[in-house]
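The structure under discussion appears below in the form of structure tokens.
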Amino acid sequence: MVPLKRRKVLSSGAGSTGTTGSTGNTGNTGNTGSGHEVTFPSKFPQVVLFLLERRMGASRKAFLSRLGRGKGFQVEETFSERVTHVICENNSGDEVRRWLESEVRGQGRTPAHLLDVSWFTESMRAGRPVEILDGHKLQEQQIEEEEVVVVSVPVYACQRRTTLDNHNAVLTDALSLLAEKAELSDEEGRGVAFRRAAAVLKALPEPVTDMKQLRGLPCLGGHSLRVIKDILENGASSEVEATKNSERFKALKVLTGIFGVGVKTAERWIRDGILSLQQLQDSGQTLNRAQQAGLQHYEDLNQPVTKEEADAIAAVVEEALASVLPGARMNLIGGFRRGKLTGHDVDFLITHPEEGREVGLMPKVVSWLETQGFLLYQKTTRNSYLEAKDGPARPASNMDRFERCFSIFKLSEEVKGEGLRPWRAVRVDLVVSPISQFAFALLGWTGSKLFERELRRWAGHEKNMSLSSHALFDNKQSRYLRASSEEEIFAHLGLEYVPPSERNA
Ligand code: UTP
Ligand code: MN
């Protein structure tokens with residue numbers, strides 16, 4: 001559809017001075033718009049000019065505008081959909097097209113004529129709009145236009161297959177950083193909007209080089225589009241660069257990078273003038289046990305964990321299970337299950353094929369690990385989920401209520417050279433689930449976070465169901481829908497099954 005329209009645009013024009021596009025069509029339109037000096041009645045009501053300042057310069061634009069109005073032309077100061085002729089100097093058709101497309105997004109129409117300033121000067125000389133010849137038209141690469149593939153992307157991330165093969169990392173990194181900024185500023189809604197926009201770009205089969213590739217895609221709001229446009233045109237987004245350089249953002253990143261420190265605590269410290277680790281140490285702030293450990297192992301914990309390290313830890317946890325409860329099963333979850341090569345932590349889900357046998361398992365595992373000297377820190381929270389009592393409603397936060405152990409592992413490493421430490425600290429999350437909830441826990445803990453959020457939104461908005469990492473409740477039928485595999489949960493939700501490696505939204 002798009003290229004067709006384009007072709008029409010390109011082949012129209014010769015001999016016509018504007019039979020398309022003019023809406024109001026009245027003679028007095030030269031008086032609209034603000035602040036320009038026009039008092040002349042327009043001699044050519046079908047022609048509404050707009051002079052593009054880009055590369056022409058403001059003073060030349062002002063001069064040419066005055067000239068045009070003096071000859072009885074309508075010249076608009078700002079671009080609007082009334083414009084029929086866009087006059088440019090030293091711009092390619094593609095550049096102008098791209099610029100216009102972002103300007104008129106949502107208005108649905110771009111003007112018919114993209115013209116070189118030569119058409120304008122000839123018309124001035126003639127005292128009327130001259131016939132548009134091929135040489136007046138801005139050169140557009142028609143072949144490229146026709147190659148624009150309109151991809152359709154479903155609205156919910158859980159309907160999409162998002163591999164780790166991201167063709168738009170520059171754009172998604174920028175949007176993710178703005179999401180992070182929003183999340184660190186207590187603007188959750190805005191954060192989610194940026195995450196959704198980034199997720200759409202991650203699902204595209206090609207790199208985005210042109211705004212028109214984004215036509216019709218869901219979840220791209222005005223703010224995200226501005227950021228993308230900025231990067232495509234200028235190589236960087238001014239907002240992203242400003243954020244990266246912001247002292248407050250940098251301080252929030254450093255402080256929340258401490259295990260055990262959330263946004264609220266970081267903000268309180270920043271208010272007290274603490275912006276760095278050194279200042280925190282010098283301040284004499286009281287730190288809880290988690291934060292002390294976090295500060296102590298700061299560097300290690302901010303160093304990505306590799307898959308090899310995750311596998312080494314998996315072997316240790318397997319050994320612990322074999323020793324304290326043979327028959328217990330364990331799965332690597334989180335990003336590593338999705339095929340990521342690095343992560344900020346390692347997540348494991350533990351269960352036992354006989355319901356109830358998992359009760360009391362976590363303390364045994366933890367105590368085994370502790371005795372063997374594997375834990376630098378651990379905090380276990382008890383399972384607080386009771387179906388009968390809690391019902392399907394999920395807790396206010398997305399925290400679920402499995403028995404869970406947040407820990408810092410002491411991982412022995414091959415000593416590769418002299419002076420290297422023989423071990424490093426790694427964050428490890430252990431979660432224990434009864435077998436009856438295992439599929440839900442597996443699905444809920446595999447991520448990505450956005451994929452999970454979208455699954456829950458899909459369930460609620462599209463299916464009138466409530467999904468958590470414990471259960472799926474059908475509100476219409478007022479009953480739980482059981483499942484013993486992830487495939488069954490997708491089926492209950494009316495979704496095509498998406499394997500873990502394609503949940504990297
Ligand atoms: P992570 O935060 O570990 O993310 O949560 P990740 O995808 O593994 O990424 P990295 O590599 O470690 O940074 C893993 C999954 O566990 C769920 C999250 O939704 C995420 O999908 N999760 C995490 C919970 O359900 N509850 C929590 O309290 C924490
Ligand atoms: Mn993880």
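Please note that chains go A, B, ... in the order of the structure tokens, that every chain numbers its residues from 1, and that ligands are numbered from 1 in the order shown.
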Find the residues near ligand 2. Use a cut-off of 10 Å, count only C-alpha atoms and all ligand atoms, and write them as a ChimeraX atom specification.
-> /A:305,332-337,340,342-348,427-429,445-449
May I have all residues of stretch 246-431 of chain A that DSSP, computed from the backbone, assigns to strand (DSSP E or B), given as a PyMOL selection string?
-> chain A and resi 305-306+329-333+342-343+346-351+375-381+403-412+423-431
How would the residues just chosen look if you wrote them out with C-alpha atoms as a PDB file, in the first residue's frame?
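File produced: selection-v5.pdb:
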```
ATOM      1  CA  VAL A 305      27.819 -13.882  35.506  1.00  0.00           C
ATOM      2  CA  THR A 306      28.712 -16.175  32.627  1.00  0.00           C
ATOM      3  CA  ARG A 329      14.607 -31.766  40.874  1.00  0.00           C
ATOM      4  CA  MET A 330      16.133 -28.494  39.877  1.00  0.00           C
ATOM      5  CA  ASN A 331      15.802 -26.185  36.862  1.00  0.00           C
ATOM      6  CA  LEU A 332      17.923 -23.279  35.746  1.00  0.00           C
ATOM      7  CA  ILE A 333      15.465 -20.416  35.274  1.00  0.00           C
ATOM      8  CA  THR A 342      25.408 -13.665  30.849  1.00  0.00           C
ATOM      9  CA  GLY A 343      23.184 -12.536  33.686  1.00  0.00           C
ATOM     10  CA  VAL A 346      21.631 -17.172  38.633  1.00  0.00           C
ATOM     11  CA  ASP A 347      18.109 -18.380  39.356  1.00  0.00           C
ATOM     12  CA  PHE A 348      17.080 -21.942  40.230  1.00  0.00           C
ATOM     13  CA  LEU A 349      13.684 -23.534  40.724  1.00  0.00           C
ATOM     14  CA  ILE A 350      13.574 -26.602  42.919  1.00  0.00           C
ATOM     15  CA  THR A 351      10.735 -29.074  43.361  1.00  0.00           C
ATOM     16  CA  LEU A 375      27.547 -19.010  50.967  1.00  0.00           C
ATOM     17  CA  LEU A 376      28.816 -15.498  51.669  1.00  0.00           C
ATOM     18  CA  TYR A 377      25.299 -14.325  52.524  1.00  0.00           C
ATOM     19  CA  GLN A 378      21.807 -15.788  52.548  1.00  0.00           C
ATOM     20  CA  LYS A 379      18.337 -14.810  53.559  1.00  0.00           C
ATOM     21  CA  THR A 380      15.476 -17.247  53.295  1.00  0.00           C
ATOM     22  CA  THR A 381      11.842 -16.219  53.160  1.00  0.00           C
ATOM     23  CA  GLU A 403       9.943 -20.227  49.792  1.00  0.00           C
ATOM     24  CA  ARG A 404      12.912 -18.388  48.471  1.00  0.00           C
ATOM     25  CA  CYS A 405      16.554 -17.869  49.275  1.00  0.00           C
ATOM     26  CA  PHE A 406      18.428 -14.776  48.177  1.00  0.00           C
ATOM     27  CA  SER A 407      22.080 -15.569  48.450  1.00  0.00           C
ATOM     28  CA  ILE A 408      25.581 -14.574  47.554  1.00  0.00           C
ATOM     29  CA  PHE A 409      27.568 -17.556  46.434  1.00  0.00           C
ATOM     30  CA  LYS A 410      31.272 -17.996  46.818  1.00  0.00           C
ATOM     31  CA  LEU A 411      32.275 -19.521  43.515  1.00  0.00           C
ATOM     32  CA  SER A 412      35.727 -21.013  43.207  1.00  0.00           C
ATOM     33  CA  TRP A 423      36.949 -17.124  43.875  1.00  0.00           C
ATOM     34  CA  ARG A 424      34.285 -14.581  43.070  1.00  0.00           C
ATOM     35  CA  ALA A 425      30.935 -13.609  44.563  1.00  0.00           C
ATOM     36  CA  VAL A 426      27.784 -14.382  42.535  1.00  0.00           C
ATOM     37  CA  ARG A 427      24.149 -13.638  43.335  1.00  0.00           C
ATOM     38  CA  VAL A 428      22.052 -16.782  43.404  1.00  0.00           C
ATOM     39  CA  ASP A 429      18.275 -17.015  43.856  1.00  0.00           C
ATOM     40  CA  LEU A 430      16.811 -20.338  44.926  1.00  0.00           C
ATOM     41  CA  VAL A 431      13.067 -20.899  44.743  1.00  0.00           C
TER      42      VAL A 431
END
```
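Here the question is which of A:Ala314, A:Leu175, A:Leu275, A:Met465 gets nearest to A:Arg226 using only C-alpha atoms, and that residue is A:Leu175.
Nearest residue to ligand 1, choosing from A:Leu301, A:Leu495, A:Ile87, A:Ala293 and counting only C-alpha atoms and all ligand atoms: A:Leu301.
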Between A:Ala310, A:Val170, A:Ala439, A:Val192, which one has atoms that come closest to A:Thr209, using only C-alpha atoms?
->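 Closest to A:Thr209 of all the choices is A:Val170.
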Spatial neighbours of A:His470, 7 Å, only C-alpha atoms, chain gap at least 3 places, as a list in words | Gln437, Phe440 and Ala441 of chain A
Pull C-alpha atoms from the residues just selected and write them as a CSV table (one decimal), in the first residue's frame.
```csv
chain,number,residue,atom,x,y,z
A,437,GLN,CA,2.5,-25.2,41.1
A,440,PHE,CA,3.4,-21.8,36.9
A,441,ALA,CA,6.6,-21.2,38.8
```
Residue with the minimum atom-to-atom distance to ligand 1, picked from A:Ser323, A:Ser246, A:Gln303, A:Ser466 with only C-alpha atoms and all ligand atoms counted, is A:Gln303
Which distance in Å separates atom CA of A:Leu455 and atom CA of A:Cys158, to one decimal?
->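 These two atoms are separated by 5.7 Å.
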Nearest to ligand 1 among A:Gln372, A:Ala197, A:Arg338, A:Phe490, with distances taken over only C-alpha atoms and all ligand atoms: which residue is it?
->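 Residue with the minimum atom-to-atom distance to ligand 1: A:Arg338.
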From stretch 459-491 of chain A, collect each residue whose DSSP state is helix (DSSP H, G or I) and return the set as a list in words.
->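 Those in stretch 459-491 of chain A that DSSP calls helix (DSSP H, G or I) are Ala459, Gly460, His461, Glu462, Lys463, Glu486, Glu487, Glu488, Ile489, Phe490 and Ala491 of chain A.
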For A:Gln292: contacts at 12 Å, only C-alpha atoms, fewer than 2 positions along chain excluded, given as a PyMOL selection string = chain A and resi 258-261+277+280-281+284-290+294-298+376-377+408
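Here atom CA of A:Leu252 stands at a distance of 6.1 Å from atom CA of A:Ala266.
Checking A:Leu341, A:Ile489, A:Leu472, A:Leu214 one by one against ligand 1, counting only C-alpha atoms and all ligand atoms, you find the shortest gap at A:Leu341.
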In Å, with one decimal, what is the gap from atom CA of A:Glu318 to atom CA of A:Glu486?
->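 Calculated distance between atom CA of A:Glu318 and atom CA of A:Glu486 is 22.8 Å.
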Residue neighbourhood A:Pro218, 9 Å, only C-alpha atoms, exclusion window fewer than 4 positions, as a list of chain:residue names =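 My list of contacting residues is A:Ser152, A:Val153, A:Pro154, A:Val155, A:Tyr156, A:Arg196, A:Ala197, A:Val200, A:Leu214.
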